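Trainee: What follows is a structure written as structure tokens; I'll ask about it next.
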Amino acid sequence: MSAANTSASSAVPTEQQEMREELKALRAEVERLRTEVEQQKNTAPISARSEPVPATTGVGPNVPSATAANVAGPPVAAASGQPAAVAVTSTPDAAPGKKPKIDPFSDWDWTWLNGNPRTKEAAFDSKFFTPEIRADVSYTYDFNKPKDNSMGGSSEIFRSNEIQLEQLGVGGDFHFDNVRARLMTQFGMYSTTTPRNDPSPGKGQWDLADAYRYVSEAYGGYHINALNGINIDAGIFMSYIGLFSYYNFDNWAYQPSYVSSNTPWFFNGLRVQIFPNPHLKIEPWFINGWQSYGSANSRKGLGGQIKWTPRPWVNIVSNNYGLGHDDLYIPNRSRIHTDDSIEIKYYDHPERTLDKMAFTFTGDLGCEFGGGVSCHNTGGKNTATPTPKQSFIGYMLYNRTWFKKDRYGVTIGGGQINNPGRYLVLIPPINGETAITAASNSPYFTGNPGDPFKAWDTSATFDYMPSQYITFRWEYDYRHASVPYWSGAGGITPPPGTNNGFPQDYACISGATSGQTTLSAAQTACGGAGNVWFPDLRRDEHFIDMAILVKF
């Protein structure tokens, strides 16, 4: 064998050995990098996402699904204020021997709560954004048969014998590097009816109602990795008062009772969510006022929520509000309010046909004082002159039963209120009446100090839920008021069926405005007593509504 051949043959094993060594080193480096990435992912601080994606609305009217927010941080609290749903995530401790930190409201399944979405996971999620899409389309048939198809006294149902898009919302939760933001749009009836109940745009310029009407939630904030998490958010967020969610998909019934329908759906201001442990939230608010884009007067509102879930079958929520001067053009009248709810799941057997049962009870107390009214129908310390009682007391009770692995649901419930002064009663939209024009008093439905208003209602709801993302709903509602309040067959729109632009005045039978706020003057202006138009208002209303509700 030549020297050349000997050299070549000895070089082969040397080269193969070097390649083996390089591959071995490369594998070791890949394994080291993989381990490092896993350690960083497991020990990284909770980021700043919104609520636990599973579903949450209760603690005030929003939740995505069951992954995003939990991985990203404590729940933002949904439309009505409930905890999140099923996502059981935790943050491993760096120090050995410690219990892992559990994200707030993430260790138990809360999809059964009223006011809380039942979606258990997001249809789509990413490190930066968790999208959310909602659609609410309904058909209502009012047995009073108003000829103008217009209904009042509701924050969910507005037209009779028509198919209407109540709400279409597109948005979601942004979360990155502990920074948070949420956006949800509202197209459809909500974009007109929700701003209509806010008197604050009547003060000053810049048309706040139009500026905000297509937004239901819009805020930004920061998540602090302290305790079990602290969120600081500013913008428009859900109020949580009244237990029901602003979004009907999240609720056990479509038309909530008066305690929910007559209390705030949103606040504009600042909130801080503090989670001392996984089952407790303390949330103070500094806000412009009671469901208002701006401030009706100079005094802002203060409030907050305490939410406690000591067991997987109980949810306790307390909302409180005070300080605010919320009556337009009455700067010295203050409002206080407490809203307290308990939800209990008292039966849970998923293996059976009748698989789950739960009930909710909510009670509210409130009043206004100053500016000529009082909480107890008494005068001030320095005067013997009595002042009319301006108060609110109400309750609602609902029971829910689920069948066939939560595919079907039946809800029975209702409630009562007593609101002398009518300061929380939704003003009927007679001749285009809004909260702004009602501040100077409607001639047809007044809100004077001491004006009586008592009401009760009941409803029966059936849900078919073939997927966690859709609900087909059928409901019957009966509602009664102590004074004429609901739309009757004659309707609430002046002839020939259009508003005349002057809801603060009596209208003539021709449809024109009388230009007068007193009946005697209106009779003269319209050419006689029989020439003054009156809306057809009834003490009773019953209707059926059917809805298709979607949430991704």
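As shown in the structure tokens, the chain order sets the letters A, B, ...; within each chain, residues go from 1, and ligands are also counted from 1 in the order they appear.
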Fewer than 3 positions away in the same chain doesn't count, so skip those; otherwise give me all residues within 7 Å of A:Ile133, counting only C-alpha atoms, as a PyMOL selection string.
Mentor: chain A and resi 169-171+551-552
Trainee: Might you pull out every residue within 8 Å of A:Arg196, with only C-alpha atoms counted and same-chain residues fewer than 2 positions away left off, and present them as a PDB file with N, CA and C atoms, in the first residue's frame?
Mentor:
```
ATOM      1  N   THR A 192     -77.657  53.683  19.842  1.00  0.00           N
ATOM      2  CA  THR A 192     -78.602  54.793  19.999  1.00  0.00           C
ATOM      3  C   THR A 192     -79.243  54.795  21.382  1.00  0.00           C
ATOM      4  N   THR A 193     -79.643  53.619  21.849  1.00  0.00           N
ATOM      5  CA  THR A 193     -80.418  53.550  23.084  1.00  0.00           C
ATOM      6  C   THR A 193     -79.575  53.774  24.338  1.00  0.00           C
ATOM      7  N   THR A 194     -78.326  53.331  24.349  1.00  0.00           N
ATOM      8  CA  THR A 194     -77.498  53.522  25.537  1.00  0.00           C
ATOM      9  C   THR A 194     -77.137  54.994  25.753  1.00  0.00           C
ATOM     10  N   ASP A 198     -78.267  58.811  28.973  1.00  0.00           N
ATOM     11  CA  ASP A 198     -77.232  59.577  29.680  1.00  0.00           C
ATOM     12  C   ASP A 198     -77.508  61.073  29.544  1.00  0.00           C
ATOM     13  N   PRO A 199     -77.788  61.786  30.652  1.00  0.00           N
ATOM     14  CA  PRO A 199     -78.066  63.224  30.559  1.00  0.00           C
ATOM     15  C   PRO A 199     -76.823  64.092  30.448  1.00  0.00           C
ATOM     16  N   ALA A 209     -72.381  62.227  23.377  1.00  0.00           N
ATOM     17  CA  ALA A 209     -73.168  61.057  22.979  1.00  0.00           C
ATOM     18  C   ALA A 209     -72.699  60.497  21.642  1.00  0.00           C
ATOM     19  N   THR A 434     -85.460  62.081  25.647  1.00  0.00           N
ATOM     20  CA  THR A 434     -84.184  61.534  26.081  1.00  0.00           C
ATOM     21  C   THR A 434     -83.932  61.954  27.517  1.00  0.00           C
ATOM     22  N   ALA A 435     -82.866  61.425  28.103  1.00  0.00           N
ATOM     23  CA  ALA A 435     -82.518  61.800  29.470  1.00  0.00           C
ATOM     24  C   ALA A 435     -82.200  63.289  29.567  1.00  0.00           C
TER      25      ALA A 435
END
```
Trainee: Would you return as a PyMOL selection string the members of stretch 84-313 of chain A that DSSP assigns to helix (DSSP H, G or I) on this structure's backbone?
Mentor: chain A and resi 190-196+200-202+208-212+248-250+258-261
Trainee: Could you tell me which of A:Ile287, A:Pro256, A:Phe361, A:Ala218 comes closest to A:Asn315 if we count only C-alpha atoms?
Mentor: A:Phe361
Trainee: Provide the atom CA of A:Ile427 to atom CA of A:Tyr485 distance in Å, to one decimal place.
Mentor: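 Computing the Euclidean distance for atom CA of A:Ile427 and atom CA of A:Tyr485 yields 8.8 Å.
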Trainee: Which residues are near A:Asp545? Cut-off 12 Å, only C-alpha atoms, ignore same chain within fewer than 6 positions. Put them as a PyMOL selection string.
Mentor: chain A and resi 137-143+156-164+253-255+459-463+472-478
Trainee: Using C-alpha atoms, can you write the selected residues to a file as a compact mmCIF listing (two decimals), in the first residue's frame?
Mentor:
```txt
# COMPACT_ATOMS: atom_id res chain seq x y z
CA VAL A 137 -80.17 39.69 17.00
CA SER A 138 -83.71 39.52 18.37
CA TYR A 139 -87.39 39.55 17.46
CA THR A 140 -89.96 40.85 19.98
CA TYR A 141 -93.73 40.72 19.81
CA ASP A 142 -95.51 43.05 22.25
CA PHE A 143 -99.09 41.95 22.90
CA GLU A 156 -82.51 45.60 25.99
CA ILE A 157 -85.76 45.62 24.01
CA PHE A 158 -86.86 48.62 21.94
CA ARG A 159 -89.01 47.66 18.91
CA SER A 160 -92.04 45.39 18.56
CA ASN A 161 -92.83 43.03 15.69
CA GLU A 162 -89.46 43.58 14.02
CA ILE A 163 -86.17 41.74 13.71
CA GLN A 164 -83.48 44.03 15.07
CA ALA A 253 -82.51 35.88 30.72
CA TYR A 254 -82.82 38.42 27.91
CA GLN A 255 -84.91 41.08 29.68
CA SER A 459 -90.12 36.02 33.03
CA ALA A 460 -89.58 32.48 31.74
CA THR A 461 -86.62 31.72 29.47
CA PHE A 462 -85.64 28.66 27.43
CA ASP A 463 -82.16 28.34 25.89
CA PHE A 472 -80.89 30.28 20.70
CA ARG A 473 -83.27 31.94 23.19
CA TRP A 474 -87.05 32.08 23.65
CA GLU A 475 -88.56 34.16 26.45
CA TYR A 476 -91.90 35.36 27.82
CA ASP A 477 -92.06 38.49 30.01
CA TYR A 478 -94.86 40.09 32.01
```
